[in-house]
$ cat my_file_23.cif   # mmCIF, C-alpha atoms
data_start
loop_
_atom_site.label_atom_id
_atom_site.label_comp_id
_atom_site.auth_asym_id
_atom_site.auth_seq_id
_atom_site.Cartn_x
_atom_site.Cartn_y
_atom_site.Cartn_z
CA MET Q 1207 -13.12 2.76 -29.45
CA LYS Q 1208 -9.51 1.55 -29.60
CA VAL Q 1209 -9.08 2.14 -25.87
CA ALA Q 1210 -12.25 0.19 -25.12
CA GLN Q 1211 -11.02 -2.72 -27.25
CA LEU Q 1212 -7.64 -2.71 -25.51
CA VAL Q 1213 -9.32 -2.67 -22.10
CA ALA Q 1214 -11.50 -5.59 -23.17
CA VAL Q 1215 -8.45 -7.58 -24.31
CA LEU Q 1216 -6.64 -6.92 -21.03
CA ALA Q 1217 -9.77 -7.87 -19.06
CA VAL Q 1218 -9.95 -11.21 -20.88
CA VAL Q 1219 -6.25 -11.81 -20.15
CA ALA Q 1220 -6.76 -11.01 -16.47
CA ALA Q 1221 -9.72 -13.39 -16.27
CA LEU Q 1222 -7.76 -16.18 -17.97
CA ALA Q 1223 -4.89 -15.70 -15.52
CA PHE Q 1224 -7.17 -16.84 -12.68
CA VAL Q 1225 -8.23 -20.10 -14.36
CA PRO Q 1226 -5.55 -22.12 -12.46
CA ASN Q 1227 -7.11 -20.87 -9.23
CA LEU Q 1228 -10.43 -22.30 -10.38
CA GLN Q 1229 -8.69 -25.61 -11.01
CA ASP Q 1230 -7.47 -25.62 -7.41
CA ALA Q 1231 -10.96 -24.79 -6.14
CA THR Q 1232 -13.02 -27.09 -8.36
CA GLY Q 1233 -10.54 -29.87 -9.08
CA PHE Q 1234 -11.07 -30.07 -12.83
CA ALA Q 1235 -8.44 -32.08 -14.70
CA PRO Q 1236 -5.01 -30.42 -15.16
CA TYR Q 1237 -5.24 -31.50 -18.82
CA TYR Q 1238 -7.38 -28.43 -19.49
CA LEU Q 1239 -4.60 -26.12 -18.34
CA ILE Q 1240 -2.17 -27.80 -20.72
CA TYR Q 1241 -4.78 -27.49 -23.44
CA GLY Q 1242 -5.02 -23.79 -22.63
CA TYR Q 1243 -1.24 -23.45 -22.80
CA PHE Q 1244 -1.13 -24.91 -26.31
CA VAL Q 1245 -3.90 -22.55 -27.44
CA PHE Q 1246 -1.81 -19.64 -26.12
CA PHE Q 1247 1.33 -21.03 -27.78
CA TRP Q 1248 -0.32 -21.12 -31.19
CA ILE Q 1249 -1.90 -17.69 -30.70
CA ALA Q 1250 1.54 -16.26 -29.94
CA GLN Q 1251 3.21 -17.96 -32.90
CA ALA Q 1252 0.43 -17.14 -35.38
CA THR Q 1253 0.23 -13.51 -34.24
CA SER Q 1254 4.01 -13.21 -34.44
CA TRP Q 1255 4.00 -14.51 -38.03
CA ASN Q 1256 1.12 -12.24 -39.00
CA ILE Q 1257 2.88 -9.03 -37.96
CA LEU Q 1258 5.36 -9.59 -40.77
CA SER Q 1259 3.64 -11.77 -43.34
CA GLY Q 1260 0.05 -10.69 -42.84
CA TYR Q 1261 0.61 -6.96 -42.39
CA THR Q 1262 3.35 -6.51 -45.03
CA GLY Q 1263 2.57 -9.37 -47.41
CA TYR Q 1264 6.13 -10.77 -47.18
CA PHE Q 1265 5.34 -14.48 -46.96
CA SER Q 1266 7.77 -16.17 -44.57
CA PHE Q 1267 8.63 -19.70 -43.50
CA GLY Q 1268 11.04 -18.34 -40.91
CA GLN Q 1269 8.75 -18.89 -37.94
CA GLY Q 1270 10.33 -22.30 -37.43
CA ALA Q 1271 13.76 -20.64 -37.18
CA PHE Q 1272 12.61 -18.04 -34.61
CA TYR Q 1273 10.78 -20.65 -32.57
CA GLY Q 1274 13.64 -23.15 -32.77
CA LEU Q 1275 16.25 -20.58 -31.81
CA GLY Q 1276 14.14 -19.64 -28.79
CA VAL Q 1277 13.82 -23.28 -27.75
CA TYR Q 1278 17.52 -24.04 -28.01
CA ALA Q 1279 18.61 -20.74 -26.51
CA ALA Q 1280 16.66 -21.57 -23.36
CA GLY Q 1281 17.82 -25.19 -23.32
CA ASP Q 1282 21.52 -24.45 -23.85
CA LEU Q 1283 21.70 -21.49 -21.50
CA VAL Q 1284 20.13 -23.47 -18.68
CA THR Q 1285 21.95 -26.80 -19.12
CA ARG Q 1286 25.37 -25.59 -20.31
CA GLU Q 1287 25.76 -22.13 -18.80
CA GLY Q 1288 23.67 -22.47 -15.65
CA VAL Q 1289 21.55 -19.42 -16.44
CA ASN Q 1290 18.27 -19.11 -14.56
CA TYR Q 1291 15.51 -20.37 -16.83
CA PHE Q 1292 13.34 -17.30 -16.41
CA LEU Q 1293 16.21 -15.08 -17.57
CA THR Q 1294 16.57 -17.17 -20.70
CA ILE Q 1295 13.09 -16.21 -21.91
CA PRO Q 1296 13.92 -12.55 -22.73
CA ILE Q 1297 17.41 -13.58 -23.90
CA ALA Q 1298 15.84 -16.02 -26.36
CA GLY Q 1299 13.55 -13.27 -27.60
CA VAL Q 1300 16.48 -10.92 -28.19
CA LEU Q 1301 18.49 -13.59 -30.03
CA ALA Q 1302 15.54 -14.42 -32.29
CA ALA Q 1303 14.99 -10.71 -32.90
CA ALA Q 1304 18.65 -10.38 -33.91
CA LEU Q 1305 18.21 -13.29 -36.32
CA GLY Q 1306 15.15 -11.60 -37.80
CA ALA Q 1307 17.08 -8.34 -38.19
CA ALA Q 1308 19.92 -10.19 -39.93
CA ILE Q 1309 17.51 -11.83 -42.37
CA GLY Q 1310 15.83 -8.50 -43.01
CA ALA Q 1311 19.12 -6.66 -43.52
CA LEU Q 1312 20.01 -9.17 -46.24
CA ALA Q 1313 16.62 -9.59 -47.90
CA PHE Q 1314 15.20 -6.07 -47.72
CA ARG Q 1315 18.37 -4.40 -49.00
CA LEU Q 1316 18.12 -6.54 -52.11
CA GLY Q 1317 14.92 -5.57 -53.83
CA SER Q 1318 14.86 -8.82 -55.81
CA LEU Q 1319 14.32 -10.95 -52.67
CA ARG Q 1320 10.54 -10.80 -52.64
CA GLY Q 1321 7.67 -13.21 -53.00
CA GLU Q 1322 8.67 -16.85 -53.29
CA ILE Q 1323 12.38 -15.95 -53.16
CA PHE Q 1324 11.95 -14.38 -49.73
CA ALA Q 1325 9.89 -17.38 -48.57
CA LEU Q 1326 12.60 -19.80 -49.73
CA LEU Q 1327 15.30 -17.74 -48.01
CA THR Q 1328 13.50 -17.93 -44.67
CA LEU Q 1329 12.94 -21.65 -45.16
CA ALA Q 1330 16.66 -22.11 -45.84
CA VAL Q 1331 17.47 -20.35 -42.58
CA THR Q 1332 15.31 -22.84 -40.69
CA PHE Q 1333 17.05 -25.82 -42.29
CA THR Q 1334 20.47 -24.25 -41.64
CA LEU Q 1335 19.76 -23.79 -37.94
CA ALA Q 1336 18.51 -27.38 -37.73
CA SER Q 1337 21.78 -28.62 -39.24
CA VAL Q 1338 23.87 -26.47 -36.89
CA ALA Q 1339 21.96 -27.78 -33.88
CA ALA Q 1340 22.36 -31.41 -35.00
CA LEU Q 1341 26.06 -31.21 -35.89
CA SER Q 1342 27.54 -28.78 -33.36
CA THR Q 1343 28.41 -30.20 -29.97
CA TRP Q 1344 28.18 -26.76 -28.39
CA VAL Q 1345 24.48 -26.64 -29.34
CA ASP Q 1346 23.21 -30.22 -29.32
CA GLY Q 1347 25.43 -32.52 -31.32
CA GLY Q 1348 22.55 -34.88 -31.96
CA GLN Q 1349 22.41 -36.00 -28.32
CA GLY Q 1350 19.36 -34.04 -27.28
CA ILE Q 1351 18.97 -31.72 -24.28
CA ALA Q 1352 16.99 -32.60 -21.16
CA LEU Q 1353 15.50 -29.52 -19.55
CA THR Q 1354 14.23 -30.01 -16.01
CA ILE Q 1355 11.62 -27.93 -14.21
CA PRO Q 1356 13.38 -24.96 -12.56
CA ASP Q 1357 12.84 -23.74 -9.04
CA TYR Q 1358 10.08 -21.15 -8.91
CA PRO Q 1359 7.95 -19.44 -6.22
CA SER Q 1360 5.40 -21.77 -4.68
CA PHE Q 1361 2.57 -19.26 -5.09
CA LEU Q 1362 2.67 -19.97 -8.85
CA GLY Q 1363 1.22 -23.41 -8.15
CA GLU Q 1364 1.94 -26.69 -9.88
CA PHE Q 1365 3.89 -27.05 -13.12
CA GLN Q 1366 0.77 -26.93 -15.27
CA ASP Q 1367 -0.21 -23.65 -13.58
CA LEU Q 1368 3.23 -22.21 -14.31
CA ILE Q 1369 3.36 -23.22 -17.97
CA TYR Q 1370 -0.22 -22.03 -18.49
CA ARG Q 1371 0.54 -18.56 -17.13
CA LEU Q 1372 3.83 -18.25 -19.02
CA GLY Q 1373 2.06 -19.16 -22.26
CA LEU Q 1374 -0.72 -16.70 -21.50
CA ALA Q 1375 1.77 -13.90 -20.80
CA VAL Q 1376 3.56 -14.35 -24.15
CA ALA Q 1377 0.29 -14.69 -26.08
CA ALA Q 1378 -1.07 -11.55 -24.41
CA LEU Q 1379 2.10 -9.63 -25.29
CA ALA Q 1380 1.87 -10.78 -28.93
CA VAL Q 1381 -1.83 -9.89 -29.29
CA VAL Q 1382 -1.48 -6.48 -27.61
CA THR Q 1383 1.54 -5.72 -29.79
CA ALA Q 1384 -0.35 -6.63 -32.98
CA PHE Q 1385 -3.34 -4.59 -31.78
CA LEU Q 1386 -1.26 -1.49 -31.13
CA ILE Q 1387 0.62 -1.81 -34.41
CA GLN Q 1388 -2.56 -2.16 -36.46
CA GLY Q 1389 -4.00 1.12 -35.25
CA SER Q 1390 -0.76 3.10 -35.54
CA ARG Q 1391 0.99 4.99 -38.31
CA PHE Q 1392 3.51 2.16 -38.36
CA GLY Q 1393 0.72 -0.32 -39.02
CA TRP Q 1394 -0.71 1.78 -41.82
CA GLY Q 1395 2.75 1.86 -43.35
CA LEU Q 1396 2.95 -1.95 -43.20
CA PHE Q 1397 -0.44 -2.25 -44.90
CA SER Q 1398 0.65 0.13 -47.65
CA ILE Q 1399 3.71 -2.06 -48.23
CA ARG Q 1400 1.42 -5.04 -48.61
CA ASP Q 1401 -0.88 -3.26 -51.06
CA GLU Q 1402 1.68 -1.44 -53.23
CA GLU Q 1403 5.19 -1.11 -51.87
CA GLY Q 1404 6.62 0.87 -54.78
CA VAL Q 1405 3.95 3.55 -54.61
CA ALA Q 1406 4.19 3.72 -50.81
CA GLU Q 1407 7.94 4.28 -51.01
CA GLU Q 1408 7.55 7.02 -53.60
CA LEU Q 1409 5.09 8.79 -51.32
CA GLY Q 1410 7.51 8.80 -48.40
CA VAL Q 1411 6.73 5.66 -46.41
CA PRO Q 1412 10.06 4.42 -44.91
CA THR Q 1413 9.52 0.91 -46.23
CA PHE Q 1414 12.94 -0.51 -45.32
CA ARG Q 1415 12.75 0.68 -41.72
CA TYR Q 1416 9.19 -0.52 -41.30
CA LYS Q 1417 9.97 -3.97 -42.70
CA MET Q 1418 13.01 -4.26 -40.47
CA LEU Q 1419 10.91 -3.39 -37.42
CA ALA Q 1420 8.24 -5.90 -38.43
CA ILE Q 1421 10.61 -8.83 -38.89
CA THR Q 1422 12.48 -7.96 -35.69
CA ILE Q 1423 9.25 -7.91 -33.68
CA THR Q 1424 8.19 -11.19 -35.32
CA GLY Q 1425 11.48 -12.80 -34.33
CA PHE Q 1426 11.31 -11.48 -30.77
CA LEU Q 1427 7.81 -12.82 -30.11
CA GLY Q 1428 8.58 -16.14 -31.81
CA GLY Q 1429 11.71 -16.55 -29.67
CA LEU Q 1430 9.87 -15.76 -26.44
CA SER Q 1431 7.23 -18.35 -27.22
CA GLY Q 1432 9.92 -20.86 -28.14
CA ALA Q 1433 11.70 -20.40 -24.81
CA VAL Q 1434 8.47 -21.14 -22.94
CA ALA Q 1435 7.83 -24.14 -25.18
CA ALA Q 1436 11.27 -25.53 -24.30
CA LEU Q 1437 10.15 -25.99 -20.70
CA GLN Q 1438 6.95 -27.69 -21.79
CA ILE Q 1439 8.76 -30.01 -24.23
CA GLY Q 1440 11.35 -31.07 -21.66
CA TYR Q 1441 13.59 -33.06 -24.00
CA LEU Q 1442 14.84 -31.11 -27.01
CA THR Q 1443 15.97 -32.65 -30.30
CA PRO Q 1444 16.71 -30.89 -33.62
CA GLU Q 1445 14.24 -33.13 -35.45
CA GLY Q 1446 11.44 -32.31 -33.07
CA VAL Q 1447 12.16 -28.59 -32.74
CA PHE Q 1448 13.05 -27.59 -36.31
CA SER Q 1449 10.26 -29.48 -38.07
CA LEU Q 1450 7.93 -27.77 -40.54
CA ASN Q 1451 5.01 -28.18 -38.15
CA VAL Q 1452 5.20 -24.66 -36.71
CA PRO Q 1453 5.69 -22.64 -39.94
CA LEU Q 1454 3.03 -24.59 -41.81
CA LEU Q 1455 0.41 -24.51 -39.07
CA VAL Q 1456 0.77 -20.78 -38.43
CA VAL Q 1457 0.13 -20.15 -42.13
CA VAL Q 1458 -3.06 -22.23 -42.02
CA MET Q 1459 -4.18 -20.50 -38.83
CA CYS Q 1460 -3.64 -16.99 -40.16
CA VAL Q 1461 -5.21 -17.70 -43.55
CA LEU Q 1462 -8.25 -19.22 -41.86
CA GLY Q 1463 -8.65 -16.50 -39.26
CA GLY Q 1464 -7.71 -13.57 -41.48
CA ARG Q 1465 -4.37 -11.86 -42.09
CA GLN Q 1466 -5.59 -8.27 -42.18
CA HIS Q 1467 -6.63 -7.91 -38.54
CA TRP Q 1468 -5.01 -8.68 -35.19
CA LEU Q 1469 -7.92 -10.92 -34.18
CA GLY Q 1470 -7.60 -13.18 -37.22
CA PRO Q 1471 -4.64 -15.27 -35.95
CA VAL Q 1472 -6.37 -15.64 -32.57
CA LEU Q 1473 -9.48 -17.11 -34.19
CA GLY Q 1474 -7.47 -19.30 -36.54
CA ALA Q 1475 -5.26 -20.67 -33.76
CA LEU Q 1476 -8.25 -21.49 -31.56
CA VAL Q 1477 -10.12 -23.28 -34.35
CA ILE Q 1478 -7.20 -25.20 -35.83
CA TYR Q 1479 -5.68 -26.37 -32.55
CA SER Q 1480 -9.08 -27.37 -31.14
CA LEU Q 1481 -9.82 -29.34 -34.29
CA GLN Q 1482 -6.40 -31.00 -34.17
CA GLU Q 1483 -6.87 -31.99 -30.55
CA GLN Q 1484 -10.32 -33.40 -31.24
CA LEU Q 1485 -8.99 -35.49 -34.14
CA THR Q 1486 -6.22 -36.84 -31.93
CA ASN Q 1487 -8.61 -37.70 -29.10
CA SER Q 1488 -10.92 -39.42 -31.58
CA GLY Q 1489 -8.16 -41.59 -33.00
CA PHE Q 1490 -7.91 -39.71 -36.30
CA GLY Q 1491 -4.66 -37.92 -35.59
CA GLU Q 1492 -3.01 -39.37 -38.70
CA TRP Q 1493 -5.66 -37.65 -40.84
CA GLY Q 1494 -4.93 -34.28 -39.30
CA GLN Q 1495 -2.61 -33.00 -42.04
CA VAL Q 1496 -5.02 -34.13 -44.75
CA ILE Q 1497 -7.95 -32.35 -43.11
CA LEU Q 1498 -5.94 -29.18 -42.45
CA GLY Q 1499 -4.81 -29.16 -46.08
CA GLY Q 1500 -8.42 -29.46 -47.16
CA ILE Q 1501 -9.41 -26.57 -44.90
CA LEU Q 1502 -6.68 -24.40 -46.42
CA VAL Q 1503 -7.91 -25.16 -49.95
CA VAL Q 1504 -11.52 -24.35 -49.02
CA VAL Q 1505 -10.55 -21.08 -47.34
CA ILE Q 1506 -8.41 -19.93 -50.26
CA LEU Q 1507 -11.19 -20.69 -52.74
CA PHE Q 1508 -14.25 -19.48 -50.85
CA ALA Q 1509 -13.13 -17.18 -48.02
CA PRO Q 1510 -9.66 -15.73 -48.71
CA GLU Q 1511 -10.46 -12.81 -46.41
CA GLY Q 1512 -10.71 -15.17 -43.41
CA LEU Q 1513 -13.16 -15.79 -40.60
CA TYR Q 1514 -12.79 -12.39 -38.96
CA ALA Q 1515 -13.94 -10.56 -42.09
CA ARG Q 1516 -16.93 -12.89 -42.38
CA LEU Q 1517 -17.90 -12.21 -38.77
CA ARG Q 1518 -17.50 -8.45 -39.21
CA ASP Q 1519 -19.18 -8.05 -42.57
CA ASP Q 1520 -22.21 -10.32 -42.13
CA PRO Q 1521 -23.79 -9.87 -38.67
CA ARG Q 1522 -26.61 -12.33 -39.40
CA ARG Q 1523 -24.19 -15.04 -40.40
CA ALA Q 1524 -22.10 -14.22 -37.30
CA VAL Q 1525 -25.16 -14.71 -35.09
CA LEU Q 1526 -25.99 -17.95 -36.88
CA ALA Q 1527 -22.42 -19.17 -36.34
CA GLY Q 1528 -22.67 -18.31 -32.64
CA VAL Q 1529 -25.94 -20.20 -32.27
CA THR Q 1530 -24.44 -23.14 -34.17
CA LEU Q 1531 -21.44 -23.15 -31.84
CA VAL Q 1532 -23.58 -23.27 -28.70
CA VAL Q 1533 -26.10 -25.81 -30.01
CA THR Q 1534 -23.42 -28.14 -31.35
CA MET Q 1535 -21.49 -28.03 -28.08
CA LEU Q 1536 -24.66 -28.86 -26.14
CA VAL Q 1537 -25.52 -31.74 -28.46
CA ALA Q 1538 -21.97 -33.09 -28.18
CA ALA Q 1539 -22.12 -32.81 -24.39
CA PHE Q 1540 -25.48 -34.58 -24.04
CA ALA Q 1541 -24.37 -37.26 -26.50
CA GLY Q 1542 -21.24 -37.86 -24.48
CA TRP Q 1543 -18.81 -37.21 -27.34
CA GLY Q 1544 -15.50 -37.20 -25.51
CA ILE Q 1545 -14.56 -34.46 -23.05
CA VAL Q 1546 -15.08 -30.71 -22.88
CA THR Q 1547 -12.33 -29.90 -25.39
CA ASP Q 1548 -13.97 -32.28 -27.86
CA TRP Q 1549 -17.25 -30.44 -27.45
CA VAL Q 1550 -15.49 -27.14 -28.07
CA GLY Q 1551 -13.71 -28.52 -31.13
CA THR Q 1552 -16.97 -29.87 -32.57
CA GLY Q 1553 -18.75 -26.57 -31.98
CA LEU Q 1554 -15.94 -24.50 -33.50
CA ALA Q 1555 -15.80 -26.76 -36.55
CA ALA Q 1556 -19.54 -26.42 -37.13
CA ALA Q 1557 -19.48 -22.64 -36.62
CA THR Q 1558 -16.52 -22.32 -39.00
CA LEU Q 1559 -18.41 -24.27 -41.65
CA VAL Q 1560 -21.34 -21.87 -41.32
CA LEU Q 1561 -19.01 -18.91 -41.81
CA LEU Q 1562 -17.19 -20.41 -44.78
CA VAL Q 1563 -20.31 -21.37 -46.71
CA GLY Q 1564 -21.99 -18.42 -48.35
CA GLY Q 1565 -21.60 -15.33 -50.48
CA ARG Q 1566 -18.59 -13.11 -51.07
CA ARG Q 1567 -19.98 -9.80 -49.91
CA GLY Q 1568 -17.41 -9.71 -47.12
CA ARG Q 1569 -14.60 -10.17 -49.60
CA ARG Q 1570 -15.74 -7.26 -51.75
CA ARG Q 1571 -15.96 -5.04 -48.71
CA SER Q 1572 -12.54 -6.19 -47.53
CA LEU Q 1573 -10.96 -5.23 -50.87
CA GLU Q 1574 -12.62 -1.82 -50.78
CA GLU Q 1575 -11.35 -1.20 -47.25
CA ARG Q 1576 -7.84 -2.21 -48.27
CA ARG Q 1577 -7.88 0.39 -51.06
CA ASP Q 1578 -9.20 3.04 -48.68
CA LEU Q 1579 -6.59 2.13 -46.07
CA ALA Q 1580 -3.78 2.29 -48.60
CA ALA Q 1581 -4.98 5.68 -49.84
CA SER Q 1582 -5.18 7.11 -46.31
CA THR Q 1583 -1.79 5.69 -45.44
CA MET Q 1584 -0.10 7.19 -48.46
CA GLY Q 1585 -1.82 10.48 -47.80
CA ASP Q 1586 -0.54 10.54 -44.22
CA ALA Q 1587 2.96 9.61 -45.36
CA ALA Q 1588 3.01 12.40 -47.91
CA ALA Q 1589 1.82 15.00 -45.38
CA PRO Q 1590 4.54 17.23 -43.88
#
$ encode --input "my_file_23.cif" --output "structure tokens"
Amino acid sequence: MKVAQLVAVLAVVAALAFVPNLQDATGFAPYYLIYGYFVFFWIAQATSWNILSGYTGYFSFGQGAFYGLGVYAAGDLVTREGVNYFLTIPIAGVLAAALGAAIGALAFRLGSLRGEIFALLTLAVTFTLASVAALSTWVDGGQGIALTIPDYPSFLGEFQDLIYRLGLAVAALAVVTAFLIQGSRFGWGLFSIRDEEGVAEELGVPTFRYKMLAITITGFLGGLSGAVAALQIGYLTPEGVFSLNVPLLVVVMCVLGGRQHWLGPVLGALVIYSLQEQLTNSGFGEWGQVILGGILVVVILFAPEGLYARLRDDPRRAVLAGVTLVVTMLVAAFAGWGIVTDWVGTGLAAATLVLLVGGRRGRRRSLEERRDLAASTMGDAAAP
């Protein structure tokens, strides 16, 4: 079953990689490729965050630091050191992974740095990096960095084709990594930490090592995605890069989609970004934060397990949501409500509403499965 799911994920990635070729053949607007890139960007960032905060329960605001370090690593290495842009992508990932390991070495060695204290520590790291970038002339010095499009093989197509495929590659790596972790002994150990860390440690789960691996992987994926984003942004400023937009949005995406499964951040990123884009295209961009805050409140109150659990636990509601998605998109298309992405956003919003409204059977099942998973994990850890 796991192999079949992995093959399905890779097949979807392969199909998406050929979308730029369809653009060349059919001539649809390049805007849709940029739209696709941003969906991939948020999938990568949300999945990265979820490997640490969703799987272990250690709530972090450090995603802005990992992303920002990746952005500035790429920008500085290219403009100041003359490094080939494509080499800066893995370098940025390694630097962000090192930052994650440093945070983990400090926080996880001190047992008191948990919960809101850990969250505040990661937030402080983000603000510290923003100050360093703004004040240090060897990073930015408040002048900003202009990153031009690098030379690349012509077979990769136009710039929008390149950025689309780079974003897809990082998102695919993040999703496959989360998928493999979830079904592994390592993943079970992370879930046991989330459910009851003290008991897991007593039963032999190497909690410190597992948490260090999780935060290092989170940093690496966040840095990779940041390095790709640097090319898309073009002109880098500390205020634009180290804002709270990334850490706050990934939290909303993961809570909406579901933090206990690798598919949750994918669903959350698709829904939230599509809704954001539709609001912007409709002239309601300034209401975006208000609406997203309202969504977060509704999810916490009525569906804390997330959309994935609702889809899994209630097949009839899942079918109804699918029908609602298709019908709403068709109505939006025939009514001429904007462009294709607006139709998608409208359909996803309607389908999400169908999933969020209803009973709590999925939540009860989710809690039971968490207890079963924790028990099996601790049993495996205690086995010789």
$ resolve_selection --input "my_file_23.cif" --expression "the PyMOL selection byres ((chain Q and resi 1478-1493) around 7)" --output "NGL selection string"
:Q and (1245 or 1459 or 1474-1477 or 1494-1497 or 1548 or 1551 or 1555)
$ closest_residue --input "my_file_23.cif" --among "Q:Gly1428, Q:Gly1553, Q:Gly1274, Q:Pro1412" --to "Val1331 in chain Q" --atoms "all atoms listed in the file"
Q:Gly1274
$ resolve_selection --input "my_file_23.cif" --expression "the PyMOL selection byres ((chain Q and resi 1226) around 10)" --output "mmCIF file with C-alpha atoms, in the frame of the given file"
data_model
loop_
_atom_site.group_PDB
_atom_site.id
_atom_site.type_symbol
_atom_site.label_atom_id
_atom_site.label_comp_id
_atom_site.auth_asym_id
_atom_site.auth_seq_id
_atom_site.Cartn_x
_atom_site.Cartn_y
_atom_site.Cartn_z
ATOM 1 C CA LEU Q 1222 -7.760 -16.180 -17.970
ATOM 2 C CA ALA Q 1223 -4.890 -15.700 -15.520
ATOM 3 C CA PHE Q 1224 -7.170 -16.840 -12.680
ATOM 4 C CA VAL Q 1225 -8.230 -20.100 -14.360
ATOM 5 C CA ASN Q 1227 -7.110 -20.870 -9.230
ATOM 6 C CA LEU Q 1228 -10.430 -22.300 -10.380
ATOM 7 C CA GLN Q 1229 -8.690 -25.610 -11.010
ATOM 8 C CA ASP Q 1230 -7.470 -25.620 -7.410
ATOM 9 C CA ALA Q 1231 -10.960 -24.790 -6.140
ATOM 10 C CA THR Q 1232 -13.020 -27.090 -8.360
ATOM 11 C CA GLY Q 1233 -10.540 -29.870 -9.080
ATOM 12 C CA PHE Q 1234 -11.070 -30.070 -12.830
ATOM 13 C CA PRO Q 1236 -5.010 -30.420 -15.160
ATOM 14 C CA TYR Q 1238 -7.380 -28.430 -19.490
ATOM 15 C CA LEU Q 1239 -4.600 -26.120 -18.340
ATOM 16 C CA LEU Q 1362 2.670 -19.970 -8.850
ATOM 17 C CA GLY Q 1363 1.220 -23.410 -8.150
ATOM 18 C CA GLU Q 1364 1.940 -26.690 -9.880
ATOM 19 C CA GLN Q 1366 0.770 -26.930 -15.270
ATOM 20 C CA ASP Q 1367 -0.210 -23.650 -13.580
ATOM 21 C CA LEU Q 1368 3.230 -22.210 -14.310
ATOM 22 C CA TYR Q 1370 -0.220 -22.030 -18.490
ATOM 23 C CA ARG Q 1371 0.540 -18.560 -17.130
#
$ resolve_selection --input "my_file_23.cif" --expression "the PyMOL selection byres ((chain Q and resi 1294) around 10)" --output "list in words"
Gly1276, Val1277, Ala1279, Ala1280, Gly1281, Asp1282, Leu1283, Val1284, Val1289, Asn1290, Tyr1291, Phe1292, Leu1293, Ile1295, Pro1296, Ile1297, Ala1298, Gly1299, Val1300, Leu1430, Ala1433 and Val1434 of chain Q
$ residues_around --input "my_file_23.cif" --residues "Val1345 in chain Q" --least-positions-apart "6" --cutoff "8 Å" --atoms "all atoms listed in the file" --output "compact mmCIF listing (two decimals) with C-alpha atoms, in the frame of the given file"
# COMPACT_ATOMS: atom_id res chain seq x y z
CA TYR Q 1278 17.52 -24.04 -28.01
CA ASP Q 1282 21.52 -24.45 -23.85
CA VAL Q 1338 23.87 -26.47 -36.89
CA ALA Q 1339 21.96 -27.78 -33.88
$ atom_distance --input "my_file_23.cif" --atom1 "CA of Phe1324 in chain Q" --atom2 "CA of Ile1309 in chain Q"
9.6 Å
$ closest_residue --input "my_file_23.cif" --among "Q:Leu1353, Q:Val1458, Q:Leu1301, Q:Val1503" --to "Pro1471 in chain Q" --atoms "all atoms listed in the file"
Q:Val1458
$ residues_around --input "my_file_23.cif" --residues "Leu1305 in chain Q" --least-positions-apart "2" --cutoff "12 Å" --atoms "all atoms listed in the file" --output "PyMOL selection string"
chain Q and resi 1268-1269+1271-1276+1298-1303+1307-1312+1328+1331-1332+1335+1418+1421-1426+1428-1429
$ closest_residue --input "my_file_23.cif" --among "Q:Arg1320, Q:Arg1286, Q:Arg1315, Q:Arg1400" --to "Trp1344 in chain Q" --atoms "all atoms listed in the file"
Q:Arg1286
$ atom_distance --input "my_file_23.cif" --atom1 "CA of Gly1464 in chain Q" --atom2 "CA of Val1219 in chain Q"
21.5 Å
$ closest_residue --input "my_file_23.cif" --among "Q:Tyr1261, Q:Phe1247, Q:Leu1216, Q:Ala1436" --to "Gly1389 in chain Q" --atoms "all atoms listed in the file"
Q:Tyr1261
$ closest_residue --input "my_file_23.cif" --among "Q:Leu1437, Q:Ala1250, Q:Ala1325, Q:Leu1513" --to "Val1461 in chain Q" --atoms "all atoms listed in the file"
Q:Leu1513
$ residues_around --input "my_file_23.cif" --residues "Gly1463 in chain Q" --least-positions-apart "4" --cutoff "12 Å" --atoms "only C-alpha atoms" --output "count of residues only"
38
$ closest_residue --input "my_file_23.cif" --among "Q:Leu1374, Q:Leu1396, Q:Val1560, Q:Ala1336" --to "Leu1258 in chain Q" --atoms "all atoms listed in the file"
Q:Leu1396
$ atom_distance --input "my_file_23.cif" --atom1 "CA of Leu1427 in chain Q" --atom2 "CA of Ser1337 in chain Q"
23.0 Å
$ decode --input "my_file_23.cif" --residues "range 1534-1540 of chain Q" --atoms "N, CA and C atoms" --output "compact mmCIF listing (two decimals), in the first residue's frame"
# COMPACT_ATOMS: atom_id res chain seq x y z
N THR Q 1534 -19.34 23.85 -8.18
CA THR Q 1534 -19.05 25.27 -7.93
C THR Q 1534 -18.10 25.82 -8.98
N MET Q 1535 -17.09 25.04 -9.36
CA MET Q 1535 -16.18 25.49 -10.41
C MET Q 1535 -16.91 25.71 -11.72
N LEU Q 1536 -17.82 24.80 -12.07
CA LEU Q 1536 -18.58 24.93 -13.31
C LEU Q 1536 -19.48 26.16 -13.28
N VAL Q 1537 -20.14 26.38 -12.15
CA VAL Q 1537 -21.00 27.55 -12.02
C VAL Q 1537 -20.18 28.83 -12.15
N ALA Q 1538 -19.02 28.86 -11.48
CA ALA Q 1538 -18.15 30.04 -11.56
C ALA Q 1538 -17.67 30.28 -12.98
N ALA Q 1539 -17.37 29.17 -13.70
CA ALA Q 1539 -16.89 29.31 -15.07
C ALA Q 1539 -17.99 29.85 -15.99
N PHE Q 1540 -19.19 29.28 -15.88
CA PHE Q 1540 -20.29 29.73 -16.75
C PHE Q 1540 -20.74 31.15 -16.40
